[in-house]
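Have a look at the structure below before the remarks.
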Amino acid sequence: MKRYKQFDSLIVSDFERDEWADPIHNHNHFELIYIAKGSGLHHLNNVKFPYKKGDLFLLGPEDMHEFEISRRSRFIYFKFTKLYITTTNELPMPDHWNRDIDQLLYNSERKKGNLLQNEADQKLVLQLMDMIVTEYSTKKLLNEKVIFQLFTVIILLIKRNKNGVIHKHKLKEHNGIAEEILEYIELNIYDPQKLTIKNLANHFHYSPNYIGILFKDKVGNSLREYISEYRYRLIEQRIKFGKIGMKQIASEFGFVDESHVYKFVKSKSGKRLREIKSF
């Protein structure tokens, strides 16, 4: 399988096609793909999703994909590295930016197809993407800062759509309790008190023993193992690509202090921080 490599922190492209020429592939960056017109199928990780005007997809480095075009389609690509979202222009980040990005990039929901369900938000994102294309191509004064601010608005719109979908799911009868537990963990990974076995059991109205057995049966890992591994993966990404200090990481993830973060990372990876940074 072909792997595309990107060395710039950001590349924006806007193009139309009648046929898709690229083979199925993955890449070393993230891709936000907006469908400005057309329809067809999006082959994503061996699953086929119908796509249409207004759809928005987010792909990570591990994702394999290609498009199968039925009607001439216009694609707007926003291709970015993790470095872009952690260090761009040293701009002040919006409140909870790191948490929003973590939940977006590492949430399993993004692998399930279109991220925009609200038609009004689909139109807003088209306007924002068009503005990004213009700023990127014309290289106006402060264009990098303008692009980044527009990008943060798109992230908020994705979050709004995601929360709306979650709310609808909560109104239904339990369908796949393991998925609901995973979602709850992802949303509360920064608050250890909410992720104790006792609290999870109370939240989902099961006994502590039963919820542990149920989760391991459905997921394959114990609750403690899964939560610990998920927290480590997020912290590892911060250490590798971010410029924030260990004190901030400790605060965000509910550790007592930096020394507890060091011990946690060492216990999970067997590596020192400098070894992870240089990996």
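Lettering and numbering for the structure tokens are positional, with chains as A, B, ... in the shown order, residues counted from 1 in each chain, and ligands counted from 1 in the shown order.
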
Could the residues of range 115-182 of chain A that have an atom at most 12 Å from range 36-44 of chain A be listed as a tab-separated table, each with its closest atom pair and the distance in Å to one decimal, counting only C-alpha atoms and ordered by chain and ascending residue number?
```
residue	atom	partner	partner_atom	distance
A:Gln122	CA	A:Ala36	CA	9.5
A:Lys123	CA	A:Ala36	CA	9.4
A:Leu124	CA	A:Ala36	CA	11.6
A:Val125	CA	A:Ala36	CA	9.7
A:Leu126	CA	A:Ala36	CA	6.8
A:Gln127	CA	A:Ala36	CA	10.0
A:Leu128	CA	A:Ala36	CA	11.6
A:Met129	CA	A:Ala36	CA	9.2
A:Asp130	CA	A:Ala36	CA	9.4
```

Wanna dump the range 143-224 of chain A-range 228-248 of chain A contacts at 9 Å for me, each residue with its shortest atom pair and the distance in Å to one decimal, counting only C-alpha atoms, ordered by chain and number, as a Markdown table?
```
| residue | atom | partner | partner_atom | distance |
| --- | --- | --- | --- | --- |
| A:Ile185 | CA | A:Tyr230 | CA | 8.9 |
| A:Glu186 | CA | A:Tyr230 | CA | 8.3 |
| A:Ile189 | CA | A:Arg231 | CA | 6.6 |
| A:Tyr190 | CA | A:Arg231 | CA | 8.1 |
| A:Leu223 | CA | A:Ser228 | CA | 8.4 |
| A:Arg224 | CA | A:Ser228 | CA | 6.0 |
```

Find the residues near His25 in chain A: any atom within 8 Å, counting only C-alpha atoms, skip ones fewer than 2 places away on the same chain, and give them as a list in words.
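Everything that qualifies: Met1, Lys2, Arg3, Tyr4, Asp22, Pro23, His27, Met64, His65 and Glu66 of chain A.
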
So that I can see what lies close to Ser9 in chain A, please list as a PyMOL selection string the residues with an atom at most 9 Å from it, counting only C-alpha atoms and leaving out residues fewer than 2 positions away in the same chain.
chain A and resi 6-7+11+29+79-85+88

Take CA of Lys145 in chain A and CA of Leu32 in chain A and report the distance between them in Å, one decimal.
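Rounded to one decimal, the two atoms are 18.2 Å apart.
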
Hey, what's within 7 Å of Gly212 in chain A if we count only C-alpha atoms and toss same-chain stuff fewer than 3 positions away? As number ranges by chain, please?
A: 208-209, 215-216, 222-223

Create the file for the chosen residues now, containing all heavy atoms and written as a compact mmCIF listing (two decimals), in the first residue's frame.
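Below you can see again.txt, which holds the result:
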```
# COMPACT_ATOMS: atom_id res chain seq x y z
N PRO A 208 -19.97 -2.81 40.43
CA PRO A 208 -18.57 -2.68 40.02
C PRO A 208 -18.01 -3.96 39.42
O PRO A 208 -17.26 -3.92 38.44
CB PRO A 208 -17.85 -2.32 41.33
CG PRO A 208 -18.91 -1.63 42.14
CD PRO A 208 -20.19 -2.36 41.82
N ASN A 209 -18.35 -5.10 40.00
CA ASN A 209 -17.84 -6.38 39.50
C ASN A 209 -18.39 -6.67 38.10
O ASN A 209 -17.65 -7.06 37.19
CB ASN A 209 -18.20 -7.51 40.46
CG ASN A 209 -17.58 -8.83 40.04
OD1 ASN A 209 -16.37 -8.93 39.84
ND2 ASN A 209 -18.42 -9.85 39.90
N PHE A 215 -17.11 -5.20 30.42
CA PHE A 215 -16.18 -4.43 29.58
C PHE A 215 -15.09 -5.33 29.02
O PHE A 215 -14.77 -5.27 27.83
CB PHE A 215 -15.57 -3.30 30.40
CG PHE A 215 -14.72 -2.35 29.58
CD1 PHE A 215 -15.30 -1.29 28.90
CD2 PHE A 215 -13.35 -2.53 29.48
CE1 PHE A 215 -14.53 -0.42 28.14
CE2 PHE A 215 -12.57 -1.68 28.73
CZ PHE A 215 -13.16 -0.61 28.05
N LYS A 216 -14.50 -6.16 29.86
CA LYS A 216 -13.42 -7.03 29.39
C LYS A 216 -13.92 -8.02 28.36
O LYS A 216 -13.23 -8.34 27.38
CB LYS A 216 -12.78 -7.77 30.56
CG LYS A 216 -11.54 -8.56 30.13
CD LYS A 216 -10.67 -8.95 31.30
CE LYS A 216 -9.37 -9.58 30.82
NZ LYS A 216 -8.47 -9.93 31.94
N SER A 222 -9.15 -5.00 30.54
CA SER A 222 -9.87 -4.57 31.73
C SER A 222 -10.08 -3.07 31.65
O SER A 222 -9.39 -2.36 30.91
CB SER A 222 -9.08 -4.92 32.99
OG SER A 222 -7.95 -4.08 33.12
N LEU A 223 -11.03 -2.56 32.42
CA LEU A 223 -11.28 -1.12 32.44
C LEU A 223 -10.03 -0.36 32.85
O LEU A 223 -9.67 0.65 32.22
CB LEU A 223 -12.43 -0.81 33.41
CG LEU A 223 -13.84 -0.82 32.83
CD1 LEU A 223 -14.87 -0.84 33.96
CD2 LEU A 223 -14.06 0.39 31.93
```

From the set A:Leu116, A:Leu195, A:Leu58, A:Ile69, which residue has the shortest atom-to-atom contact distance to Glu19 in chain A, counting only C-alpha atoms?
A:Ile69

Give me the residues within 8 Å of range 132-136 of chain A as an mmCIF file with all heavy atoms, in the first residue's frame, counting only C-alpha atoms and dropping any in the same chain fewer than 3 places off.
```cif
data_model
loop_
_atom_site.group_PDB
_atom_site.id
_atom_site.type_symbol
_atom_site.label_atom_id
_atom_site.label_comp_id
_atom_site.auth_asym_id
_atom_site.auth_seq_id
_atom_site.Cartn_x
_atom_site.Cartn_y
_atom_site.Cartn_z
ATOM 1 N N VAL A 12 -2.962 23.071 1.914
ATOM 2 C CA VAL A 12 -4.375 23.187 1.577
ATOM 3 C C VAL A 12 -4.519 23.036 0.067
ATOM 4 O O VAL A 12 -3.773 23.640 -0.705
ATOM 5 C CB VAL A 12 -4.944 24.561 2.008
ATOM 6 C CG1 VAL A 12 -6.407 24.702 1.568
ATOM 7 C CG2 VAL A 12 -4.826 24.735 3.517
ATOM 8 N N SER A 13 -5.458 22.213 -0.373
ATOM 9 C CA SER A 13 -5.679 22.035 -1.809
ATOM 10 C C SER A 13 -7.176 21.973 -2.094
ATOM 11 O O SER A 13 -7.965 21.524 -1.275
ATOM 12 C CB SER A 13 -4.981 20.776 -2.328
ATOM 13 O OG SER A 13 -5.413 19.634 -1.621
ATOM 14 N N ASP A 14 -7.542 22.442 -3.286
ATOM 15 C CA ASP A 14 -8.940 22.528 -3.712
ATOM 16 C C ASP A 14 -8.990 22.072 -5.168
ATOM 17 O O ASP A 14 -8.388 22.703 -6.043
ATOM 18 C CB ASP A 14 -9.415 23.978 -3.565
ATOM 19 C CG ASP A 14 -10.868 24.173 -3.981
ATOM 20 O OD1 ASP A 14 -11.538 23.179 -4.299
ATOM 21 O OD2 ASP A 14 -11.312 25.339 -4.002
ATOM 22 N N LEU A 128 -16.151 28.562 5.520
ATOM 23 C CA LEU A 128 -14.865 28.616 6.215
ATOM 24 C C LEU A 128 -13.760 27.985 5.368
ATOM 25 O O LEU A 128 -12.641 28.526 5.287
ATOM 26 C CB LEU A 128 -14.974 27.901 7.559
ATOM 27 C CG LEU A 128 -15.875 28.576 8.596
ATOM 28 C CD1 LEU A 128 -16.178 27.616 9.751
ATOM 29 C CD2 LEU A 128 -15.230 29.846 9.131
ATOM 30 N N MET A 129 -14.056 26.860 4.735
ATOM 31 C CA MET A 129 -13.056 26.193 3.903
ATOM 32 C C MET A 129 -12.702 27.047 2.681
ATOM 33 O O MET A 129 -11.533 27.122 2.273
ATOM 34 C CB MET A 129 -13.550 24.816 3.468
ATOM 35 C CG MET A 129 -13.711 23.821 4.609
ATOM 36 S SD MET A 129 -12.136 23.376 5.400
ATOM 37 C CE MET A 129 -11.572 22.051 4.337
ATOM 38 N N LYS A 139 -1.687 34.371 0.045
ATOM 39 C CA LYS A 139 -0.574 34.730 0.935
ATOM 40 C C LYS A 139 -0.679 36.165 1.446
ATOM 41 O O LYS A 139 0.296 36.914 1.453
ATOM 42 C CB LYS A 139 0.778 34.540 0.220
ATOM 43 C CG LYS A 139 0.984 33.184 -0.414
ATOM 44 C CD LYS A 139 1.029 32.074 0.610
ATOM 45 C CE LYS A 139 1.315 30.728 -0.031
ATOM 46 N NZ LYS A 139 1.268 29.615 0.924
ATOM 47 N N LYS A 140 -1.859 36.556 1.871
ATOM 48 C CA LYS A 140 -2.049 37.909 2.398
ATOM 49 C C LYS A 140 -1.365 38.067 3.754
ATOM 50 O O LYS A 140 -0.966 37.103 4.386
ATOM 51 C CB LYS A 140 -3.550 38.201 2.541
ATOM 52 C CG LYS A 140 -4.305 38.260 1.231
ATOM 53 C CD LYS A 140 -5.776 38.546 1.490
ATOM 54 C CE LYS A 140 -6.571 38.586 0.190
ATOM 55 N NZ LYS A 140 -8.020 38.829 0.441
ATOM 56 N N ASN A 143 -1.907 35.844 6.961
ATOM 57 C CA ASN A 143 -2.768 34.761 6.471
ATOM 58 C C ASN A 143 -2.641 33.488 7.312
ATOM 59 O O ASN A 143 -3.625 32.768 7.506
ATOM 60 C CB ASN A 143 -2.469 34.455 5.005
ATOM 61 C CG ASN A 143 -1.154 33.740 4.807
ATOM 62 O OD1 ASN A 143 -0.123 34.182 5.311
ATOM 63 N ND2 ASN A 143 -1.173 32.652 4.072
ATOM 64 N N GLU A 144 -1.458 33.193 7.847
ATOM 65 C CA GLU A 144 -1.300 31.979 8.643
ATOM 66 C C GLU A 144 -2.138 32.040 9.915
ATOM 67 O O GLU A 144 -2.763 31.045 10.306
ATOM 68 C CB GLU A 144 0.172 31.769 8.989
ATOM 69 C CG GLU A 144 1.039 31.420 7.769
ATOM 70 C CD GLU A 144 2.475 31.174 8.154
ATOM 71 O OE1 GLU A 144 2.828 31.425 9.331
ATOM 72 O OE2 GLU A 144 3.255 30.741 7.297
ATOM 73 N N VAL A 146 -4.853 33.913 10.315
ATOM 74 C CA VAL A 146 -6.261 33.872 9.906
ATOM 75 C C VAL A 146 -6.688 32.428 9.645
ATOM 76 O O VAL A 146 -7.751 31.984 10.089
ATOM 77 C CB VAL A 146 -6.497 34.739 8.652
ATOM 78 C CG1 VAL A 146 -7.909 34.518 8.109
ATOM 79 C CG2 VAL A 146 -6.292 36.213 8.978
ATOM 80 N N ILE A 147 -5.853 31.679 8.918
ATOM 81 C CA ILE A 147 -6.166 30.281 8.611
ATOM 82 C C ILE A 147 -6.328 29.475 9.887
ATOM 83 O O ILE A 147 -7.266 28.677 10.024
ATOM 84 C CB ILE A 147 -5.069 29.658 7.721
ATOM 85 C CG1 ILE A 147 -5.139 30.246 6.313
ATOM 86 C CG2 ILE A 147 -5.207 28.129 7.669
ATOM 87 C CD1 ILE A 147 -3.987 29.847 5.413
ATOM 88 N N LEU A 150 -9.640 30.225 11.562
ATOM 89 C CA LEU A 150 -10.739 29.598 10.828
ATOM 90 C C LEU A 150 -10.788 28.098 11.122
ATOM 91 O O LEU A 150 -11.866 27.511 11.268
ATOM 92 C CB LEU A 150 -10.575 29.839 9.323
ATOM 93 C CG LEU A 150 -10.707 31.295 8.855
ATOM 94 C CD1 LEU A 150 -10.291 31.416 7.388
ATOM 95 C CD2 LEU A 150 -12.137 31.796 9.038
#
```
